[in-house]
Structure formats: C-alpha cells, structure tokens
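The structure appears right after this line, and notes come after that.
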Amino acid sequence: MIAKITRVLTLPPVVTGLTIILLAQIGRLESTAEFVVLMGCLVVFPLLAYPFREIFKIDTDRRQGQRSVAMVFSAISYSYGFIWAMFNTSSMIAKVFFSSYLISIIGLLIVNKVIGYHASGHACSTTAPLVLLSWQMGFWYLLIGLALVISVYYASLHLKRHTIFQLLSGSSISVLAGVVSIIIYI
C-alpha cells in the first residue's frame with residue numbers, strides 16, 4: 001500500500017510542479033508568465049495524459065496505454081515549452097528546465113522505443129528536479145532529492161514496475177540532460 005501511495009505522490013508532474021512552486025517562492029523565476037508556461041507545459045498538459053488514456057481507451061493494457069500517452073503528451077508539451085523559452089525573454093532557469101526535460105524525453109524515446117530497453121520515465125522525471133534544485137539551491141536539496149528518488153526506487157521495485165537497472169538508466173538520462181543543459185546556459 002505504501003509503495004502504491006509513493007508512486008502516486010511522486011508522479012512526475014507532481015514532483016515537477018512542487019519544484020516549480022519552490023523556485024517561484026524563492027524568487028528564481030522572472031515572471032508570472034514564466035511560472036504559468038512552466039506549470040502548463042511540465043505539469044498540467046502531461047497530467048492530462050492520464051484522463052485522455054481513460055476516455056479514449058488507448059491500448060488494451062491500461063498501464064502501457066498510460067505510459068505511451070504520457071510520453072506523447074510530454075514530448076509535445078516539453079517541445080512547446082522549449083520553443084517558448086528560446087523565443088521569449090525567459091530566465092536561464094526556464095531555459096535549463098525546458099532544455100533538460102526535452103533532452104530527457106528524447107533520451108527516453110530513443111532508449112525505450114528505438115533501442116527497446118525500458119528505462120524508467122518515473123525515475124527520470126523524479127531525478128530531474130533533484131538535479132535542478134541542487135544546482136540552484138545547494139547540497140542539502142541534493143540530499144532531500146536523493147531521499148525522494150530512493151523512495152521512488154523502493155516503490156517501483158516493490159511493485160515490480162522496474163528493475164534496478166531500468167531505474168538507474170532513467171535517472172542517468174535525467175542527470176545527463178540536466179548537466180548538459182546547465183553547461184549550455186551558464
């Protein structure tokens with residue numbers, strides 16, 4: 001039961017949304033528009049994948065349908081956010097956010113759909129805020145983020161959703177995307 005609750009509370013858009021709210025609260029975002037676009041593209045639109053799958057009954061395997069629709073919704077919304085950030089006067093943080101999420105979804109699509117390995121999107125999207133928060137706010141947020149990632153690993157392993165290597169590969173994609181994005185925009 002705890003593992004299922006952990007998986008729901010750490011849905012990628014939920015963790016990302018909390019990260020965006022925290023960064024807004026400490027004044028790291030430059031405008032309300034930036035906050036709205038970040039929340040819309042990284043939280044609201046990706047969350048719509050779940051009811052969309054249920055309404056249109058995509059795939060006979062419910063879980064597989066959710067994963068497929070979430071990947072498509074994420075790819076679309078991350079791409080839109082990235083384009084918005086590049087063509088508007090957005091902060092370096094917004095550019096890093098959208099760049100890292102776009103690189104992550106491209107990495108997941110390549111690994112999962114082209115190569116056929118099942119890297120964990122949940123681990124990837126839970127690790128991304130860890131990278132971004134530790135970059136912006138320091139070492140203590142790295143420790144808090146690691147605790148969150150470990151709880152996701154525990155829940156995923158307990159529910160047999162992923163192997164440890166699938167979780168580590170998902171997190172690795174996110175860390176690589178975050179570091180590359182930070183280096184690009186520093």
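By order in the structure tokens, chains are A, B, ...; within a chain, residues start at 1; ligands start at 1, following the order shown.
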
Considering only C-alpha atoms, tabulate each residue of stretch 78-153 of chain A that lies at most 10 Å from stretch 160-182 of chain A along with its nearest interatomic pair and the corresponding distance in Å to one decimal; arrange the rows by chain and ascending residue number and present them as JSON lines.
```
{"residue": "A:Met92", "atom": "CA", "partner": "A:Ile182", "partner_atom": "CA", "distance": 8.8}
{"residue": "A:Ile93", "atom": "CA", "partner": "A:Ile182", "partner_atom": "CA", "distance": 8.7}
{"residue": "A:Lys95", "atom": "CA", "partner": "A:Ser181", "partner_atom": "CA", "distance": 8.1}
{"residue": "A:Val96", "atom": "CA", "partner": "A:Ser181", "partner_atom": "CA", "distance": 5.3}
{"residue": "A:Phe97", "atom": "CA", "partner": "A:Gly178", "partner_atom": "CA", "distance": 8.0}
{"residue": "A:Phe98", "atom": "CA", "partner": "A:Ser181", "partner_atom": "CA", "distance": 8.8}
{"residue": "A:Ser99", "atom": "CA", "partner": "A:Ser181", "partner_atom": "CA", "distance": 5.9}
{"residue": "A:Ser100", "atom": "CA", "partner": "A:Ala177", "partner_atom": "CA", "distance": 4.8}
{"residue": "A:Tyr101", "atom": "CA", "partner": "A:Ala177", "partner_atom": "CA", "distance": 7.3}
{"residue": "A:Leu102", "atom": "CA", "partner": "A:Ala177", "partner_atom": "CA", "distance": 8.3}
{"residue": "A:Ile103", "atom": "CA", "partner": "A:Ala177", "partner_atom": "CA", "distance": 5.5}
{"residue": "A:Ser104", "atom": "CA", "partner": "A:Ser174", "partner_atom": "CA", "distance": 5.5}
{"residue": "A:Ile105", "atom": "CA", "partner": "A:Ile173", "partner_atom": "CA", "distance": 8.8}
{"residue": "A:Ile106", "atom": "CA", "partner": "A:Ile173", "partner_atom": "CA", "distance": 9.5}
{"residue": "A:Gly107", "atom": "CA", "partner": "A:Ile173", "partner_atom": "CA", "distance": 6.4}
{"residue": "A:Leu108", "atom": "CA", "partner": "A:Ile173", "partner_atom": "CA", "distance": 7.3}
{"residue": "A:Val111", "atom": "CA", "partner": "A:Ser169", "partner_atom": "CA", "distance": 9.1}
{"residue": "A:Asn112", "atom": "CA", "partner": "A:Gly170", "partner_atom": "CA", "distance": 10.0}
{"residue": "A:Tyr117", "atom": "CA", "partner": "A:Gln166", "partner_atom": "CA", "distance": 8.0}
{"residue": "A:His118", "atom": "CA", "partner": "A:Gln166", "partner_atom": "CA", "distance": 6.0}
{"residue": "A:Ala119", "atom": "CA", "partner": "A:Gln166", "partner_atom": "CA", "distance": 4.5}
{"residue": "A:Ser120", "atom": "CA", "partner": "A:Gly170", "partner_atom": "CA", "distance": 4.5}
{"residue": "A:Gly121", "atom": "CA", "partner": "A:Gly170", "partner_atom": "CA", "distance": 5.9}
{"residue": "A:His122", "atom": "CA", "partner": "A:Gly170", "partner_atom": "CA", "distance": 7.5}
{"residue": "A:Ala123", "atom": "CA", "partner": "A:Ser171", "partner_atom": "CA", "distance": 5.2}
{"residue": "A:Cys124", "atom": "CA", "partner": "A:Gly170", "partner_atom": "CA", "distance": 4.4}
{"residue": "A:Ser125", "atom": "CA", "partner": "A:Ser174", "partner_atom": "CA", "distance": 7.0}
{"residue": "A:Thr126", "atom": "CA", "partner": "A:Ser171", "partner_atom": "CA", "distance": 7.8}
{"residue": "A:Thr127", "atom": "CA", "partner": "A:Ser171", "partner_atom": "CA", "distance": 5.6}
{"residue": "A:Ala128", "atom": "CA", "partner": "A:Ser174", "partner_atom": "CA", "distance": 5.3}
{"residue": "A:Pro129", "atom": "CA", "partner": "A:Gly178", "partner_atom": "CA", "distance": 9.0}
{"residue": "A:Leu130", "atom": "CA", "partner": "A:Val175", "partner_atom": "CA", "distance": 8.8}
{"residue": "A:Val131", "atom": "CA", "partner": "A:Gly178", "partner_atom": "CA", "distance": 6.3}
{"residue": "A:Leu132", "atom": "CA", "partner": "A:Gly178", "partner_atom": "CA", "distance": 6.9}
{"residue": "A:Trp135", "atom": "CA", "partner": "A:Ile182", "partner_atom": "CA", "distance": 8.4}
{"residue": "A:Val149", "atom": "CA", "partner": "A:Ser171", "partner_atom": "CA", "distance": 8.8}
{"residue": "A:Val152", "atom": "CA", "partner": "A:Leu167", "partner_atom": "CA", "distance": 9.0}
{"residue": "A:Tyr153", "atom": "CA", "partner": "A:Leu167", "partner_atom": "CA", "distance": 6.7}
```

Quick one: which stretch 59-167 of chain A residues come within 10 Å of stretch 24-37 of chain A, and what is the nearest atom pair for each with the distance in Å to one decimal, counting only C-alpha atoms, rows ordered by chain and ascending number, as a tab-separated table?
```
residue	atom	partner	partner_atom	distance
A:Ser77	CA	A:Val37	CA	9.8
A:Tyr80	CA	A:Val37	CA	9.4
A:Gly81	CA	A:Val37	CA	6.8
A:Trp84	CA	A:Val37	CA	8.3
A:Ala85	CA	A:Glu34	CA	8.5
A:Asn88	CA	A:Glu34	CA	9.5
A:Thr89	CA	A:Glu30	CA	9.1
A:Ser90	CA	A:Glu34	CA	6.6
A:Ser91	CA	A:Glu30	CA	6.0
A:Met92	CA	A:Leu29	CA	8.9
A:Ile93	CA	A:Leu29	CA	7.1
A:Ala94	CA	A:Glu34	CA	7.2
A:Gln136	CA	A:Arg28	CA	8.5
A:Met137	CA	A:Ile26	CA	9.7
```

Contacts of A:Leu11 at 12 Å (only C-alpha atoms; same-chain gap of 2+ positions) as a PyMOL selection string: chain A and resi 4-9+13-18+42-43+46-47+50+67+70+121-127+148-149+152+155-156

Keeping only N, CA and C atoms, write the selected residues to a file as a PDB file, in the first residue's frame.
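Saved result, part_32.pdb, follows:
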```pdb
ATOM      1  N   LYS A   4       2.342   1.907  -3.447  1.00  0.00           N
ATOM      2  CA  LYS A   4       1.388   2.488  -4.405  1.00  0.00           C
ATOM      3  C   LYS A   4       1.173   3.976  -4.136  1.00  0.00           C
ATOM      4  N   ILE A   5       1.049   4.329  -2.873  1.00  0.00           N
ATOM      5  CA  ILE A   5       0.869   5.734  -2.498  1.00  0.00           C
ATOM      6  C   ILE A   5       2.099   6.540  -2.917  1.00  0.00           C
ATOM      7  N   THR A   6       3.283   5.974  -2.692  1.00  0.00           N
ATOM      8  CA  THR A   6       4.525   6.646  -3.089  1.00  0.00           C
ATOM      9  C   THR A   6       4.561   6.886  -4.584  1.00  0.00           C
ATOM     10  N   ARG A   7       4.163   5.882  -5.367  1.00  0.00           N
ATOM     11  CA  ARG A   7       4.166   6.032  -6.830  1.00  0.00           C
ATOM     12  C   ARG A   7       3.207   7.153  -7.264  1.00  0.00           C
ATOM     13  N   VAL A   8       2.047   7.247  -6.627  1.00  0.00           N
ATOM     14  CA  VAL A   8       1.074   8.283  -6.996  1.00  0.00           C
ATOM     15  C   VAL A   8       1.574   9.671  -6.573  1.00  0.00           C
ATOM     16  N   LEU A   9       2.076   9.778  -5.344  1.00  0.00           N
ATOM     17  CA  LEU A   9       2.539  11.081  -4.841  1.00  0.00           C
ATOM     18  C   LEU A   9       3.779  11.584  -5.572  1.00  0.00           C
ATOM     19  N   PRO A  13       4.711  14.760 -12.999  1.00  0.00           N
ATOM     20  CA  PRO A  13       4.216  16.143 -12.990  1.00  0.00           C
ATOM     21  C   PRO A  13       4.029  16.717 -11.584  1.00  0.00           C
ATOM     22  N   VAL A  14       3.735  15.876 -10.613  1.00  0.00           N
ATOM     23  CA  VAL A  14       3.558  16.349  -9.233  1.00  0.00           C
ATOM     24  C   VAL A  14       4.889  16.835  -8.672  1.00  0.00           C
ATOM     25  N   VAL A  15       5.925  16.038  -8.815  1.00  0.00           N
ATOM     26  CA  VAL A  15       7.254  16.412  -8.312  1.00  0.00           C
ATOM     27  C   VAL A  15       7.770  17.651  -9.049  1.00  0.00           C
ATOM     28  N   THR A  16       7.569  17.682 -10.346  1.00  0.00           N
ATOM     29  CA  THR A  16       7.992  18.842 -11.135  1.00  0.00           C
ATOM     30  C   THR A  16       7.232  20.096 -10.706  1.00  0.00           C
ATOM     31  N   GLY A  17       5.935  19.970 -10.495  1.00  0.00           N
ATOM     32  CA  GLY A  17       5.131  21.104 -10.049  1.00  0.00           C
ATOM     33  C   GLY A  17       5.596  21.657  -8.722  1.00  0.00           C
ATOM     34  N   LEU A  18       5.892  20.781  -7.783  1.00  0.00           N
ATOM     35  CA  LEU A  18       6.398  21.237  -6.480  1.00  0.00           C
ATOM     36  C   LEU A  18       7.739  21.948  -6.630  1.00  0.00           C
ATOM     37  N   LEU A  42       4.982  21.554 -18.135  1.00  0.00           N
ATOM     38  CA  LEU A  42       5.648  20.472 -17.399  1.00  0.00           C
ATOM     39  C   LEU A  42       4.737  19.768 -16.397  1.00  0.00           C
ATOM     40  N   VAL A  43       3.565  20.356 -16.115  1.00  0.00           N
ATOM     41  CA  VAL A  43       2.676  19.765 -15.112  1.00  0.00           C
ATOM     42  C   VAL A  43       1.289  19.479 -15.690  1.00  0.00           C
ATOM     43  N   PRO A  46       1.098  17.367 -19.247  1.00  0.00           N
ATOM     44  CA  PRO A  46       1.463  15.962 -19.027  1.00  0.00           C
ATOM     45  C   PRO A  46       0.462  15.191 -18.149  1.00  0.00           C
ATOM     46  N   LEU A  47      -0.133  15.864 -17.153  1.00  0.00           N
ATOM     47  CA  LEU A  47      -1.136  15.192 -16.317  1.00  0.00           C
ATOM     48  C   LEU A  47      -2.398  14.830 -17.104  1.00  0.00           C
ATOM     49  N   TYR A  50      -3.304  11.130 -18.494  1.00  0.00           N
ATOM     50  CA  TYR A  50      -3.977  10.056 -17.763  1.00  0.00           C
ATOM     51  C   TYR A  50      -5.479  10.011 -18.045  1.00  0.00           C
ATOM     52  N   ARG A  67       1.530   4.896 -20.138  1.00  0.00           N
ATOM     53  CA  ARG A  67       2.926   5.225 -20.418  1.00  0.00           C
ATOM     54  C   ARG A  67       3.082   5.812 -21.817  1.00  0.00           C
ATOM     55  N   ALA A  70       1.451   9.295 -21.979  1.00  0.00           N
ATOM     56  CA  ALA A  70       2.257  10.234 -21.188  1.00  0.00           C
ATOM     57  C   ALA A  70       3.514  10.641 -21.952  1.00  0.00           C
ATOM     58  N   GLY A 121      10.755   6.178 -16.932  1.00  0.00           N
ATOM     59  CA  GLY A 121      10.372   7.573 -17.052  1.00  0.00           C
ATOM     60  C   GLY A 121      10.097   8.192 -15.688  1.00  0.00           C
ATOM     61  N   HIS A 122       9.571   7.374 -14.779  1.00  0.00           N
ATOM     62  CA  HIS A 122       9.279   7.845 -13.422  1.00  0.00           C
ATOM     63  C   HIS A 122      10.584   8.248 -12.726  1.00  0.00           C
ATOM     64  N   ALA A 123      11.600   7.388 -12.826  1.00  0.00           N
ATOM     65  CA  ALA A 123      12.895   7.713 -12.214  1.00  0.00           C
ATOM     66  C   ALA A 123      13.528   8.912 -12.901  1.00  0.00           C
ATOM     67  N   CYS A 124      13.408   8.972 -14.211  1.00  0.00           N
ATOM     68  CA  CYS A 124      13.963  10.095 -14.973  1.00  0.00           C
ATOM     69  C   CYS A 124      13.340  11.408 -14.510  1.00  0.00           C
ATOM     70  N   SER A 125      12.034  11.444 -14.444  1.00  0.00           N
ATOM     71  CA  SER A 125      11.330  12.684 -14.115  1.00  0.00           C
ATOM     72  C   SER A 125      11.368  13.030 -12.633  1.00  0.00           C
ATOM     73  N   THR A 126      11.712  12.082 -11.797  1.00  0.00           N
ATOM     74  CA  THR A 126      11.879  12.381 -10.381  1.00  0.00           C
ATOM     75  C   THR A 126      13.293  12.878 -10.106  1.00  0.00           C
ATOM     76  N   THR A 127      14.227  12.412 -10.911  1.00  0.00           N
ATOM     77  CA  THR A 127      15.618  12.824 -10.738  1.00  0.00           C
ATOM     78  C   THR A 127      15.860  14.227 -11.296  1.00  0.00           C
ATOM     79  N   LEU A 148      13.928  11.321  -1.952  1.00  0.00           N
ATOM     80  CA  LEU A 148      12.749  11.173  -2.806  1.00  0.00           C
ATOM     81  C   LEU A 148      12.987  10.129  -3.898  1.00  0.00           C
ATOM     82  N   VAL A 149      14.135  10.202  -4.548  1.00  0.00           N
ATOM     83  CA  VAL A 149      14.461   9.252  -5.613  1.00  0.00           C
ATOM     84  C   VAL A 149      14.547   7.830  -5.047  1.00  0.00           C
ATOM     85  N   VAL A 152      11.138   6.440  -4.636  1.00  0.00           N
ATOM     86  CA  VAL A 152      10.591   6.026  -5.933  1.00  0.00           C
ATOM     87  C   VAL A 152      11.189   4.681  -6.340  1.00  0.00           C
ATOM     88  N   ALA A 155       9.543   1.933  -4.209  1.00  0.00           N
ATOM     89  CA  ALA A 155       8.167   1.660  -4.635  1.00  0.00           C
ATOM     90  C   ALA A 155       8.131   0.924  -5.968  1.00  0.00           C
ATOM     91  N   SER A 156       8.950   1.352  -6.897  1.00  0.00           N
ATOM     92  CA  SER A 156       8.975   0.721  -8.222  1.00  0.00           C
ATOM     93  C   SER A 156       9.465  -0.722  -8.146  1.00  0.00           C
TER      94      SER A 156
END
```

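Among A:Ala147, A:Ile183, A:Leu159, A:Ile55, the residue with the shortest atom-to-atom distance to A:Val69, counting only C-alpha atoms, is A:Ile55.
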
Interatomic distance (Å, one decimal) between atom CA of A:Leu109 and atom CA of A:Ser74: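 Spanning atom CA of A:Leu109 to atom CA of A:Ser74 is a straight-line distance of 10.8 Å.
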
Tell me, in Å to one decimal, how far atom CA of A:Met1 is from atom CA of A:Tyr154.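 It comes out at 12.3 Å.
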
Record the distance separating atom CA of A:Ala49 and atom CA of A:Arg63, expressed in Å with one decimal.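 That distance, rounded to one decimal, is 11.9 Å.
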